[in-house]
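K.L.:
Before I ask anything, let me first share the structure, which is written out below as structure tokens.
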Amino acid sequence: MRQVVLAAALAAVAALIAAWRRLRPPNEPAPAGPAADGAGFIEVDGAAYHARIVGDGPPIVFLHGFLSTAGVWDPVIDRLGPDYRSVAVDLPGFGRSAKGASVPAGVWGRAEWLRALLDVLRLDAVTLVGASMGGQTTLAFANRYPARARNLVLIAPFAREPDPYPARDAWTWPFVVWLFERSMFSRRWLAWRQRQQMTRPHRLPRGRIDELFRQTQTPGFLEGIRDGYIRPPVDDLRRHLPGVRAPVVVLWGAGDHTLSVELSREVADRVPSGRLRVIAGAGHSVQLDEPELVARIIQSAIDDVDSAGPAG
């Protein structure tokens, strides 16, 4: 009887190991050298940030949301084609960018990091496209550096943060760490979260879940998230919105269950030159549900600024 129980236990362990191996993302070597006309790394203040840079034309900088990566913009960039200089970067702490102590603290720290990134890339006034938390960073940057934000296209921008942040408490952080350290659970949760933010999950790019999961297993990931995004004081950006002088197009998916349309409408109403467009049939990740439409809206927003000419 004991041998039967032992054999069953060994079989169960073997099955768990096999399942874990299937869930692990494939090993992927980091590309060497700076990012230029493809994937690579950009050095900012001594730290390396992973980016995809393609095309030649009006510059567009793409910023992703929380627990995401620059890969979320691939379907949009592919549709924009080579006539735009598209720059999609893994934000500090995410994807294959620098983690740990290299992650700037809070939204204003990220705004300064974005300014330094544009300096390194020698980009002056650019079109900024930001989703969710990336939209929050974009708004802070446009408020602080109005001359460098030519126009903004925001997808469900996260203009205010909940307070208190549940994971901010000391007693909840060990639980958050425990969740992310459980590889199988973390990957399954990330897959559920990504699909929950879409109305058309069949359009999820191949390998996207592995990409999201891989970043959670990188040394320094949890520390960077904690110190850069969770622990810094909360700043409600709504009071800064009147200082955003660039034209702003706000997109919100009618199937968004993450952020309410009221917040997107408030952003569009509070900036001096903003308008809201509700996208029927899309979720929180409008760029994945409707990449072709998002690409057309970006092109139209750039054309509108070009036709308007210099301000004043």
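Naming works like this for the structure tokens: A, B, ... for the chains as they're shown, residue 1 at the start of each chain, ligands 1 onward in shown order.
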Would you kindly return, as a list in words, each protein, DNA or RNA residue with an atom no farther than 10 Å from any atom of region 196-202 of chain A, considering only C-alpha atoms and excluding same-chain residues fewer than 3 positions away?

P.N.:
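Using only C-alpha atoms, the neighbours found are Leu190, Ala191, Trp192, Arg193, Pro205, Arg206, Gly253, Ala254, Gly255, Asp256, His257, Thr258, Gly281, Ala282, Gly283, His284, Ser285, Val286, Gln287, Leu288, Asp289 and Glu290 of chain A.
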
K.L.:
Go ahead and dump the residues you just picked, N, CA, C and O atoms, as a PDB file, in the first residue's frame.

P.N.:
```
ATOM      1  N   LEU A 190      -2.018  36.436 -15.241  1.00  0.00           N
ATOM      2  CA  LEU A 190      -1.694  37.420 -16.264  1.00  0.00           C
ATOM      3  C   LEU A 190      -2.472  37.160 -17.546  1.00  0.00           C
ATOM      4  O   LEU A 190      -2.934  38.095 -18.207  1.00  0.00           O
ATOM      5  N   ALA A 191      -2.630  35.880 -17.892  1.00  0.00           N
ATOM      6  CA  ALA A 191      -3.405  35.539 -19.088  1.00  0.00           C
ATOM      7  C   ALA A 191      -4.861  35.949 -18.903  1.00  0.00           C
ATOM      8  O   ALA A 191      -5.481  36.521 -19.812  1.00  0.00           O
ATOM      9  N   TRP A 192      -5.408  35.662 -17.722  1.00  0.00           N
ATOM     10  CA  TRP A 192      -6.800  36.061 -17.449  1.00  0.00           C
ATOM     11  C   TRP A 192      -6.932  37.577 -17.498  1.00  0.00           C
ATOM     12  O   TRP A 192      -7.883  38.112 -18.089  1.00  0.00           O
ATOM     13  N   ARG A 193      -5.984  38.289 -16.875  1.00  0.00           N
ATOM     14  CA  ARG A 193      -6.056  39.747 -16.808  1.00  0.00           C
ATOM     15  C   ARG A 193      -5.998  40.361 -18.196  1.00  0.00           C
ATOM     16  O   ARG A 193      -6.764  41.279 -18.508  1.00  0.00           O
ATOM     17  N   PRO A 205      -1.774  39.079 -29.681  1.00  0.00           N
ATOM     18  CA  PRO A 205      -0.614  38.632 -30.466  1.00  0.00           C
ATOM     19  C   PRO A 205      -0.007  37.352 -29.903  1.00  0.00           C
ATOM     20  O   PRO A 205       0.016  37.138 -28.692  1.00  0.00           O
ATOM     21  N   ARG A 206       0.489  36.515 -30.770  1.00  0.00           N
ATOM     22  CA  ARG A 206       1.117  35.267 -30.372  1.00  0.00           C
ATOM     23  C   ARG A 206       2.321  35.545 -29.464  1.00  0.00           C
ATOM     24  O   ARG A 206       3.140  36.400 -29.749  1.00  0.00           O
ATOM     25  N   GLY A 253     -12.790  52.409 -24.598  1.00  0.00           N
ATOM     26  CA  GLY A 253     -13.548  51.285 -25.116  1.00  0.00           C
ATOM     27  C   GLY A 253     -14.847  51.096 -24.367  1.00  0.00           C
ATOM     28  O   GLY A 253     -14.857  51.074 -23.132  1.00  0.00           O
ATOM     29  N   ALA A 254     -15.947  50.963 -25.099  1.00  0.00           N
ATOM     30  CA  ALA A 254     -17.253  50.833 -24.458  1.00  0.00           C
ATOM     31  C   ALA A 254     -17.361  49.576 -23.597  1.00  0.00           C
ATOM     32  O   ALA A 254     -18.225  49.493 -22.724  1.00  0.00           O
ATOM     33  N   GLY A 255     -16.464  48.603 -23.835  1.00  0.00           N
ATOM     34  CA  GLY A 255     -16.456  47.398 -23.018  1.00  0.00           C
ATOM     35  C   GLY A 255     -15.391  47.408 -21.942  1.00  0.00           C
ATOM     36  O   GLY A 255     -15.020  46.340 -21.427  1.00  0.00           O
ATOM     37  N   ASP A 256     -14.890  48.590 -21.570  1.00  0.00           N
ATOM     38  CA  ASP A 256     -13.839  48.718 -20.568  1.00  0.00           C
ATOM     39  C   ASP A 256     -14.415  48.485 -19.176  1.00  0.00           C
ATOM     40  O   ASP A 256     -15.280  49.232 -18.712  1.00  0.00           O
ATOM     41  N   HIS A 257     -13.904  47.444 -18.489  1.00  0.00           N
ATOM     42  CA  HIS A 257     -14.329  47.152 -17.122  1.00  0.00           C
ATOM     43  C   HIS A 257     -13.256  47.530 -16.113  1.00  0.00           C
ATOM     44  O   HIS A 257     -13.394  47.226 -14.921  1.00  0.00           O
ATOM     45  N   THR A 258     -12.194  48.200 -16.574  1.00  0.00           N
ATOM     46  CA  THR A 258     -11.098  48.588 -15.685  1.00  0.00           C
ATOM     47  C   THR A 258     -11.233  50.027 -15.221  1.00  0.00           C
ATOM     48  O   THR A 258     -11.131  50.317 -14.027  1.00  0.00           O
ATOM     49  N   GLY A 281     -17.454  48.257 -28.945  1.00  0.00           N
ATOM     50  CA  GLY A 281     -16.942  46.908 -29.136  1.00  0.00           C
ATOM     51  C   GLY A 281     -15.512  46.691 -28.698  1.00  0.00           C
ATOM     52  O   GLY A 281     -14.943  45.633 -28.956  1.00  0.00           O
ATOM     53  N   ALA A 282     -14.896  47.673 -28.030  1.00  0.00           N
ATOM     54  CA  ALA A 282     -13.521  47.526 -27.550  1.00  0.00           C
ATOM     55  C   ALA A 282     -13.505  47.542 -26.036  1.00  0.00           C
ATOM     56  O   ALA A 282     -14.406  48.095 -25.394  1.00  0.00           O
ATOM     57  N   GLY A 283     -12.459  46.944 -25.452  1.00  0.00           N
ATOM     58  CA  GLY A 283     -12.302  46.923 -24.013  1.00  0.00           C
ATOM     59  C   GLY A 283     -11.266  47.930 -23.552  1.00  0.00           C
ATOM     60  O   GLY A 283     -11.003  48.940 -24.215  1.00  0.00           O
ATOM     61  N   HIS A 284     -10.637  47.653 -22.414  1.00  0.00           N
ATOM     62  CA  HIS A 284      -9.627  48.562 -21.873  1.00  0.00           C
ATOM     63  C   HIS A 284      -8.423  48.656 -22.810  1.00  0.00           C
ATOM     64  O   HIS A 284      -7.845  49.731 -22.968  1.00  0.00           O
ATOM     65  N   SER A 285      -8.055  47.551 -23.442  1.00  0.00           N
ATOM     66  CA  SER A 285      -6.919  47.535 -24.373  1.00  0.00           C
ATOM     67  C   SER A 285      -7.420  47.788 -25.791  1.00  0.00           C
ATOM     68  O   SER A 285      -7.426  46.896 -26.646  1.00  0.00           O
ATOM     69  N   VAL A 286      -7.822  49.019 -26.053  1.00  0.00           N
ATOM     70  CA  VAL A 286      -8.352  49.367 -27.372  1.00  0.00           C
ATOM     71  C   VAL A 286      -7.315  49.097 -28.453  1.00  0.00           C
ATOM     72  O   VAL A 286      -7.651  48.689 -29.569  1.00  0.00           O
ATOM     73  N   GLN A 287      -6.033  49.290 -28.119  1.00  0.00           N
ATOM     74  CA  GLN A 287      -4.978  49.108 -29.105  1.00  0.00           C
ATOM     75  C   GLN A 287      -4.850  47.663 -29.563  1.00  0.00           C
ATOM     76  O   GLN A 287      -4.342  47.403 -30.665  1.00  0.00           O
ATOM     77  N   LEU A 288      -5.300  46.708 -28.761  1.00  0.00           N
ATOM     78  CA  LEU A 288      -5.291  45.302 -29.161  1.00  0.00           C
ATOM     79  C   LEU A 288      -6.612  44.894 -29.806  1.00  0.00           C
ATOM     80  O   LEU A 288      -6.626  44.093 -30.745  1.00  0.00           O
ATOM     81  N   ASP A 289      -7.717  45.425 -29.311  1.00  0.00           N
ATOM     82  CA  ASP A 289      -9.023  45.103 -29.893  1.00  0.00           C
ATOM     83  C   ASP A 289      -9.207  45.733 -31.266  1.00  0.00           C
ATOM     84  O   ASP A 289      -9.763  45.109 -32.180  1.00  0.00           O
ATOM     85  N   GLU A 290      -8.738  46.984 -31.425  1.00  0.00           N
ATOM     86  CA  GLU A 290      -8.957  47.727 -32.675  1.00  0.00           C
ATOM     87  C   GLU A 290      -7.669  48.429 -33.119  1.00  0.00           C
ATOM     88  O   GLU A 290      -7.611  49.652 -33.218  1.00  0.00           O
TER      89      GLU A 290
END
```

K.L.:
For Ala116 (chain A), list every protein, DNA or RNA residue within 12 Å, evaluated using only C-alpha atoms, and leave out those in the same chain fewer than 3 positions away; present the list as a short mmCIF file (atom, residue, chain, number, x, y, z; two decimals) with N, CA, C and O atoms, in the first residue's frame.

P.N.:
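Writing done, so here's part14.cif:
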```cif
data_model
loop_
_atom_site.label_atom_id
_atom_site.label_comp_id
_atom_site.auth_asym_id
_atom_site.auth_seq_id
_atom_site.Cartn_x
_atom_site.Cartn_y
_atom_site.Cartn_z
N ILE A 42 18.21 51.39 -25.12
CA ILE A 42 18.57 52.80 -25.05
C ILE A 42 19.08 53.06 -23.65
O ILE A 42 18.43 52.70 -22.67
N GLU A 43 20.26 53.67 -23.53
CA GLU A 43 20.81 53.97 -22.22
C GLU A 43 20.38 55.35 -21.77
O GLU A 43 20.60 56.35 -22.47
N VAL A 44 19.74 55.42 -20.61
CA VAL A 44 19.28 56.68 -20.03
C VAL A 44 19.79 56.74 -18.59
O VAL A 44 19.47 55.87 -17.78
N ASP A 45 20.61 57.74 -18.30
CA ASP A 45 21.16 57.91 -16.95
C ASP A 45 21.82 56.63 -16.44
O ASP A 45 21.66 56.23 -15.28
N GLY A 46 22.54 55.95 -17.32
CA GLY A 46 23.31 54.79 -16.92
C GLY A 46 22.55 53.49 -16.85
O GLY A 46 23.13 52.45 -16.51
N ALA A 47 21.26 53.49 -17.18
CA ALA A 47 20.45 52.26 -17.16
C ALA A 47 19.93 51.99 -18.57
O ALA A 47 19.74 52.91 -19.37
N TYR A 49 17.12 50.61 -21.29
CA TYR A 49 15.68 50.47 -21.47
C TYR A 49 15.41 49.90 -22.85
O TYR A 49 15.90 50.40 -23.86
N PRO A 104 12.31 55.01 -11.62
CA PRO A 104 12.02 56.29 -10.97
C PRO A 104 10.75 56.21 -10.14
O PRO A 104 9.85 55.43 -10.43
N GLY A 109 8.44 61.32 -11.41
CA GLY A 109 9.73 60.71 -11.71
C GLY A 109 9.74 60.10 -13.09
O GLY A 109 10.74 60.19 -13.83
N ARG A 110 8.62 59.48 -13.49
CA ARG A 110 8.54 58.91 -14.84
C ARG A 110 8.49 60.01 -15.89
O ARG A 110 8.99 59.83 -17.01
N ALA A 111 7.88 61.14 -15.57
CA ALA A 111 7.87 62.27 -16.52
C ALA A 111 9.29 62.76 -16.77
O ALA A 111 9.66 63.06 -17.92
N GLU A 112 10.12 62.81 -15.73
CA GLU A 112 11.50 63.23 -15.90
C GLU A 112 12.30 62.18 -16.68
O GLU A 112 13.17 62.51 -17.49
N TRP A 113 11.99 60.91 -16.42
CA TRP A 113 12.64 59.84 -17.19
C TRP A 113 12.29 59.96 -18.68
O TRP A 113 13.16 59.80 -19.54
N ASP A 119 15.66 63.24 -24.80
CA ASP A 119 16.95 63.91 -25.00
C ASP A 119 17.94 62.96 -25.65
O ASP A 119 18.67 63.34 -26.59
N VAL A 120 18.00 61.72 -25.14
CA VAL A 120 18.94 60.74 -25.69
C VAL A 120 18.60 60.45 -27.16
O VAL A 120 19.49 60.31 -28.00
N LEU A 121 17.31 60.37 -27.47
CA LEU A 121 16.87 60.08 -28.83
C LEU A 121 16.91 61.32 -29.73
O LEU A 121 16.63 61.22 -30.93
N ARG A 122 17.22 62.47 -29.14
CA ARG A 122 17.28 63.74 -29.86
C ARG A 122 15.93 64.05 -30.53
O ARG A 122 15.87 64.47 -31.69
N LEU A 123 14.88 63.83 -29.77
CA LEU A 123 13.53 64.14 -30.23
C LEU A 123 13.04 65.36 -29.47
O LEU A 123 13.12 65.41 -28.24
N ASP A 124 12.51 66.31 -30.19
CA ASP A 124 12.04 67.54 -29.56
C ASP A 124 10.55 67.44 -29.29
O ASP A 124 10.11 66.86 -28.31
N PHE A 141 4.00 64.51 -18.19
CA PHE A 141 5.06 65.06 -19.03
C PHE A 141 4.56 66.28 -19.81
O PHE A 141 5.26 67.30 -19.88
N TYR A 145 6.37 69.75 -19.52
CA TYR A 145 7.15 70.13 -20.70
C TYR A 145 6.21 70.36 -21.89
O TYR A 145 6.22 69.59 -22.86
N ARG A 148 7.27 70.19 -25.64
CA ARG A 148 7.79 68.94 -26.21
C ARG A 148 6.68 67.93 -26.50
O ARG A 148 6.96 66.87 -27.05
#
```

K.L.:
Compile the contact shell of Trp73 (chain A) as a compact mmCIF listing (two decimals) with all heavy atoms, in the first residue's frame: residues with an atom at most 12 Å away, counting only C-alpha atoms, same-chain residues fewer than 3 positions apart removed.

P.N.:
```
# COMPACT_ATOMS: atom_id res chain seq x y z
N ALA A 51 13.53 48.93 -26.24
CA ALA A 51 12.63 49.69 -27.11
C ALA A 51 12.58 49.06 -28.50
O ALA A 51 13.50 48.35 -28.91
CB ALA A 51 13.06 51.14 -27.22
N ARG A 52 11.50 49.36 -29.19
CA ARG A 52 11.39 49.06 -30.61
C ARG A 52 11.26 50.38 -31.34
O ARG A 52 10.37 51.19 -31.03
CB ARG A 52 10.17 48.18 -30.89
CG ARG A 52 9.99 47.85 -32.37
CD ARG A 52 8.64 47.23 -32.68
NE ARG A 52 8.53 46.92 -34.10
CZ ARG A 52 7.38 46.65 -34.72
NH1 ARG A 52 6.25 46.63 -34.05
NH2 ARG A 52 7.37 46.39 -36.02
N ILE A 53 12.15 50.63 -32.30
CA ILE A 53 12.13 51.87 -33.06
C ILE A 53 12.10 51.51 -34.54
O ILE A 53 12.98 50.82 -35.04
CB ILE A 53 13.37 52.73 -32.76
CG1 ILE A 53 13.49 53.01 -31.26
CG2 ILE A 53 13.31 54.03 -33.55
CD1 ILE A 53 14.70 53.83 -30.89
N ILE A 60 6.61 59.39 -33.07
CA ILE A 60 5.52 58.99 -32.17
C ILE A 60 6.13 58.13 -31.08
O ILE A 60 6.81 57.14 -31.36
CB ILE A 60 4.42 58.18 -32.89
CG1 ILE A 60 3.97 58.88 -34.15
CG2 ILE A 60 3.25 57.91 -31.96
CD1 ILE A 60 3.03 58.03 -35.02
N VAL A 61 5.89 58.48 -29.82
CA VAL A 61 6.40 57.71 -28.68
C VAL A 61 5.22 57.05 -27.98
O VAL A 61 4.26 57.72 -27.60
CB VAL A 61 7.19 58.61 -27.71
CG1 VAL A 61 7.64 57.81 -26.48
CG2 VAL A 61 8.40 59.21 -28.42
N PHE A 62 5.31 55.73 -27.81
CA PHE A 62 4.23 54.94 -27.24
C PHE A 62 4.59 54.49 -25.82
O PHE A 62 5.68 53.95 -25.59
CB PHE A 62 3.99 53.68 -28.09
CG PHE A 62 3.49 53.96 -29.48
CD1 PHE A 62 4.37 54.27 -30.51
CD2 PHE A 62 2.13 53.90 -29.77
CE1 PHE A 62 3.92 54.50 -31.79
CE2 PHE A 62 1.66 54.14 -31.06
CZ PHE A 62 2.56 54.45 -32.07
N LEU A 63 3.67 54.70 -24.87
CA LEU A 63 3.87 54.28 -23.49
C LEU A 63 2.74 53.32 -23.08
O LEU A 63 1.56 53.66 -23.19
CB LEU A 63 3.88 55.48 -22.55
CG LEU A 63 4.96 56.55 -22.82
CD1 LEU A 63 4.87 57.65 -21.78
CD2 LEU A 63 6.35 55.94 -22.85
N HIS A 64 3.11 52.15 -22.59
CA HIS A 64 2.14 51.13 -22.21
C HIS A 64 1.62 51.34 -20.79
O HIS A 64 2.05 52.25 -20.07
CB HIS A 64 2.77 49.74 -22.35
CG HIS A 64 3.95 49.52 -21.45
ND1 HIS A 64 3.83 49.27 -20.11
CD2 HIS A 64 5.29 49.50 -21.71
CE1 HIS A 64 5.02 49.09 -19.57
NE2 HIS A 64 5.93 49.25 -20.52
N GLY A 65 0.72 50.47 -20.37
CA GLY A 65 0.12 50.56 -19.05
C GLY A 65 0.80 49.67 -18.02
O GLY A 65 1.83 49.05 -18.26
N SER A 68 2.34 45.80 -18.13
CA SER A 68 2.34 45.54 -19.56
C SER A 68 3.75 45.74 -20.10
O SER A 68 4.72 45.88 -19.34
CB SER A 68 1.34 46.46 -20.26
OG SER A 68 1.18 46.11 -21.62
N THR A 69 3.89 45.72 -21.42
CA THR A 69 5.18 45.93 -22.08
C THR A 69 4.95 46.70 -23.38
O THR A 69 3.80 46.86 -23.83
CB THR A 69 5.88 44.60 -22.41
OG1 THR A 69 5.13 43.93 -23.44
CG2 THR A 69 6.01 43.71 -21.19
N ALA A 70 6.04 47.12 -24.00
CA ALA A 70 5.94 47.85 -25.27
C ALA A 70 5.33 47.01 -26.37
O ALA A 70 4.79 47.54 -27.34
CB ALA A 70 7.32 48.34 -25.70
N VAL A 76 -0.42 48.17 -33.64
CA VAL A 76 -0.65 49.54 -34.10
C VAL A 76 0.53 50.03 -34.94
O VAL A 76 0.36 50.59 -36.03
CB VAL A 76 -0.89 50.48 -32.90
CG1 VAL A 76 -1.01 51.94 -33.38
CG2 VAL A 76 -2.14 50.07 -32.13
N ILE A 77 1.74 49.80 -34.45
CA ILE A 77 2.94 50.25 -35.16
C ILE A 77 3.04 49.58 -36.53
O ILE A 77 3.40 50.22 -37.53
CB ILE A 77 4.19 49.97 -34.31
CG1 ILE A 77 4.19 50.87 -33.08
CG2 ILE A 77 5.47 50.18 -35.13
CD1 ILE A 77 5.30 50.56 -32.10
N ASP A 78 2.70 48.29 -36.59
CA ASP A 78 2.75 47.58 -37.87
C ASP A 78 1.80 48.21 -38.88
O ASP A 78 2.09 48.24 -40.08
CB ASP A 78 2.40 46.11 -37.67
CG ASP A 78 3.48 45.35 -36.91
OD1 ASP A 78 4.61 45.86 -36.81
OD2 ASP A 78 3.18 44.26 -36.38
N ARG A 79 0.67 48.73 -38.40
CA ARG A 79 -0.31 49.33 -39.32
C ARG A 79 0.06 50.77 -39.68
O ARG A 79 -0.34 51.26 -40.73
CB ARG A 79 -1.70 49.26 -38.70
CG ARG A 79 -2.28 47.84 -38.74
CD ARG A 79 -3.45 47.65 -37.79
NE ARG A 79 -4.09 46.35 -37.99
CZ ARG A 79 -3.62 45.20 -37.48
NH1 ARG A 79 -2.48 45.20 -36.77
NH2 ARG A 79 -4.26 44.07 -37.69
N LEU A 80 0.81 51.45 -38.82
CA LEU A 80 1.27 52.79 -39.16
C LEU A 80 2.29 52.76 -40.29
O LEU A 80 2.36 53.68 -41.09
CB LEU A 80 1.87 53.47 -37.93
CG LEU A 80 0.89 53.98 -36.88
CD1 LEU A 80 1.62 54.40 -35.62
CD2 LEU A 80 0.06 55.14 -37.42
N SER A 86 8.24 55.47 -35.16
CA SER A 86 7.54 54.93 -34.00
C SER A 86 8.54 54.41 -32.98
O SER A 86 9.42 53.60 -33.30
CB SER A 86 6.60 53.80 -34.42
OG SER A 86 5.57 54.28 -35.27
N VAL A 87 8.39 54.86 -31.74
CA VAL A 87 9.25 54.45 -30.63
C VAL A 87 8.36 53.88 -29.53
O VAL A 87 7.58 54.61 -28.90
CB VAL A 87 10.07 55.63 -30.08
CG1 VAL A 87 10.95 55.17 -28.92
CG2 VAL A 87 10.90 56.28 -31.17
N ALA A 88 8.46 52.58 -29.30
CA ALA A 88 7.70 51.93 -28.22
C ALA A 88 8.71 51.38 -27.22
O ALA A 88 9.58 50.58 -27.58
CB ALA A 88 6.82 50.81 -28.77
N VAL A 89 8.63 51.82 -25.99
CA VAL A 89 9.64 51.48 -25.00
C VAL A 89 9.01 50.78 -23.81
O VAL A 89 7.89 51.12 -23.39
CB VAL A 89 10.40 52.76 -24.54
CG1 VAL A 89 9.45 53.77 -23.93
CG2 VAL A 89 11.52 52.42 -23.58
N ASP A 90 9.70 49.77 -23.28
CA ASP A 90 9.29 49.15 -22.01
C ASP A 90 9.55 50.17 -20.91
O ASP A 90 10.70 50.60 -20.70
CB ASP A 90 10.11 47.89 -21.73
CG ASP A 90 9.74 46.72 -22.63
OD1 ASP A 90 8.61 46.71 -23.15
OD2 ASP A 90 10.58 45.81 -22.80
N VAL A 129 1.59 58.76 -27.34
CA VAL A 129 0.45 57.84 -27.27
C VAL A 129 0.60 57.02 -26.00
O VAL A 129 1.60 56.30 -25.84
CB VAL A 129 0.39 56.93 -28.51
CG1 VAL A 129 -0.82 56.01 -28.44
CG2 VAL A 129 0.36 57.75 -29.80
N GLY A 130 -0.36 57.12 -25.10
CA GLY A 130 -0.25 56.42 -23.83
C GLY A 130 -1.53 55.70 -23.47
O GLY A 130 -2.62 56.22 -23.71
N ALA A 131 -1.38 54.51 -22.90
CA ALA A 131 -2.55 53.72 -22.49
C ALA A 131 -2.55 53.58 -20.98
O ALA A 131 -1.52 53.26 -20.38
CB ALA A 131 -2.51 52.34 -23.14
N GLY A 134 0.31 54.51 -18.81
CA GLY A 134 1.13 55.24 -19.77
C GLY A 134 0.52 56.57 -20.14
O GLY A 134 1.23 57.56 -20.38
N ILE A 155 -5.41 56.36 -24.37
CA ILE A 155 -6.39 55.27 -24.28
C ILE A 155 -6.69 55.03 -22.81
O ILE A 155 -5.81 54.59 -22.06
CB ILE A 155 -5.85 53.99 -24.95
CG1 ILE A 155 -5.60 54.24 -26.45
CG2 ILE A 155 -6.83 52.84 -24.76
CD1 ILE A 155 -4.97 53.08 -27.17
N LEU A 204 -5.23 38.69 -29.57
CA LEU A 204 -4.04 38.80 -28.76
C LEU A 204 -2.83 38.28 -29.54
O LEU A 204 -2.87 37.16 -30.06
CB LEU A 204 -4.22 37.98 -27.48
CG LEU A 204 -3.21 38.22 -26.35
CD1 LEU A 204 -3.38 39.62 -25.80
CD2 LEU A 204 -3.41 37.19 -25.25
N PRO A 205 -1.77 39.08 -29.68
CA PRO A 205 -0.61 38.63 -30.47
C PRO A 205 -0.01 37.35 -29.90
O PRO A 205 0.02 37.14 -28.69
CB PRO A 205 0.37 39.81 -30.35
CG PRO A 205 -0.49 40.99 -30.05
CD PRO A 205 -1.62 40.46 -29.21
N ARG A 208 2.21 36.81 -26.49
CA ARG A 208 2.01 37.96 -25.61
C ARG A 208 2.00 37.56 -24.13
O ARG A 208 2.59 38.24 -23.30
CB ARG A 208 0.68 38.65 -25.98
CG ARG A 208 0.29 39.80 -25.08
CD ARG A 208 1.23 40.96 -25.22
NE ARG A 208 0.85 42.06 -24.34
CZ ARG A 208 1.68 42.99 -23.92
NH1 ARG A 208 2.95 42.97 -24.29
NH2 ARG A 208 1.28 43.96 -23.13
N SER A 285 -8.05 47.55 -23.44
CA SER A 285 -6.92 47.53 -24.37
C SER A 285 -7.42 47.79 -25.79
O SER A 285 -7.43 46.90 -26.65
CB SER A 285 -6.17 46.20 -24.28
OG SER A 285 -5.63 46.00 -23.01
N VAL A 286 -7.82 49.02 -26.05
CA VAL A 286 -8.35 49.37 -27.37
C VAL A 286 -7.32 49.10 -28.45
O VAL A 286 -7.65 48.69 -29.57
CB VAL A 286 -8.80 50.84 -27.41
CG1 VAL A 286 -9.37 51.20 -28.77
CG2 VAL A 286 -9.82 51.13 -26.31
N GLN A 287 -6.03 49.29 -28.12
CA GLN A 287 -4.98 49.11 -29.10
C GLN A 287 -4.85 47.66 -29.56
O GLN A 287 -4.34 47.40 -30.66
CB GLN A 287 -3.64 49.62 -28.56
CG GLN A 287 -3.09 48.83 -27.37
CD GLN A 287 -3.61 49.34 -26.05
OE1 GLN A 287 -4.75 49.76 -25.92
NE2 GLN A 287 -2.77 49.29 -25.04
N LEU A 288 -5.30 46.71 -28.76
CA LEU A 288 -5.29 45.30 -29.16
C LEU A 288 -6.61 44.89 -29.81
O LEU A 288 -6.63 44.09 -30.75
CB LEU A 288 -5.00 44.41 -27.96
CG LEU A 288 -3.58 44.49 -27.38
CD1 LEU A 288 -3.45 43.60 -26.15
CD2 LEU A 288 -2.54 44.10 -28.42
N ASP A 289 -7.72 45.43 -29.31
CA ASP A 289 -9.02 45.10 -29.89
C ASP A 289 -9.21 45.73 -31.27
O ASP A 289 -9.76 45.11 -32.18
CB ASP A 289 -10.15 45.59 -28.96
CG ASP A 289 -10.40 44.64 -27.80
OD1 ASP A 289 -10.27 43.42 -27.99
OD2 ASP A 289 -10.73 45.12 -26.71
N GLU A 290 -8.74 46.98 -31.42
CA GLU A 290 -8.96 47.73 -32.68
C GLU A 290 -7.67 48.43 -33.12
O GLU A 290 -7.61 49.65 -33.22
CB GLU A 290 -10.07 48.76 -32.48
CG GLU A 290 -11.45 48.18 -32.24
CD GLU A 290 -12.05 47.55 -33.50
OE1 GLU A 290 -11.44 47.68 -34.58
OE2 GLU A 290 -13.13 46.94 -33.39
N PRO A 291 -6.61 47.68 -33.42
CA PRO A 291 -5.33 48.33 -33.77
C PRO A 291 -5.40 49.17 -35.04
O PRO A 291 -4.76 50.23 -35.13
CB PRO A 291 -4.37 47.15 -33.93
CG PRO A 291 -5.24 45.97 -34.22
CD PRO A 291 -6.50 46.21 -33.45
N GLU A 292 -6.15 48.73 -36.04
CA GLU A 292 -6.24 49.49 -37.28
C GLU A 292 -6.93 50.83 -37.05
O GLU A 292 -6.50 51.87 -37.57
CB GLU A 292 -6.97 48.68 -38.34
CG GLU A 292 -6.96 49.33 -39.71
CD GLU A 292 -7.44 48.40 -40.82
OE1 GLU A 292 -7.52 47.17 -40.58
OE2 GLU A 292 -7.72 48.91 -41.90
N VAL A 294 -7.09 52.47 -34.16
CA VAL A 294 -6.20 53.31 -33.36
C VAL A 294 -5.12 53.93 -34.25
O VAL A 294 -4.80 55.12 -34.11
CB VAL A 294 -5.57 52.50 -32.22
CG1 VAL A 294 -4.48 53.29 -31.51
CG2 VAL A 294 -6.65 52.08 -31.21
N ALA A 295 -4.57 53.16 -35.18
CA ALA A 295 -3.56 53.70 -36.09
C ALA A 295 -4.13 54.84 -36.92
O ALA A 295 -3.48 55.88 -37.11
CB ALA A 295 -3.03 52.59 -37.00
```

K.L.:
Let me make sure I understand: among A:Leu139, A:Val54, A:Ala39, A:Leu293, which one has the smallest atom-to-atom distance to Arg160 (chain A) if we use only C-alpha atoms?

P.N.:
A:Leu139

K.L.:
Pull the closest atom pair for each residue of region 56-108 of chain A that gets at most 9 Å from region 230-247 of chain A, along with the distance in Å to one decimal, counting only C-alpha atoms, ordering rows by chain and then ascending residue number, as JSON lines.

P.N.:
```
{"residue": "A:Ala105", "atom": "CA", "partner": "A:Pro232", "partner_atom": "CA", "distance": 6.0}
{"residue": "A:Gly106", "atom": "CA", "partner": "A:Pro232", "partner_atom": "CA", "distance": 5.3}
{"residue": "A:Val107", "atom": "CA", "partner": "A:Asp235", "partner_atom": "CA", "distance": 7.8}
{"residue": "A:Trp108", "atom": "CA", "partner": "A:Asp235", "partner_atom": "CA", "distance": 8.9}
```

K.L.:
Quick one, how far is CA of Arg115 (chain A) from CA of Val249 (chain A)?

P.N.:
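Taking CA of Arg115 (chain A) as the start and CA of Val249 (chain A) as the end point, the length is 21.3 Å.
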
K.L.:
I'd like the neighbourhood of Asn151 (chain A) as a ChimeraX atom specification, where a residue qualifies if any of its atoms comes within 8 Å (using only C-alpha atoms), though same-chain residues fewer than 3 positions away should be ignored.

P.N.:
/A:126-128,246-248,301-302,305
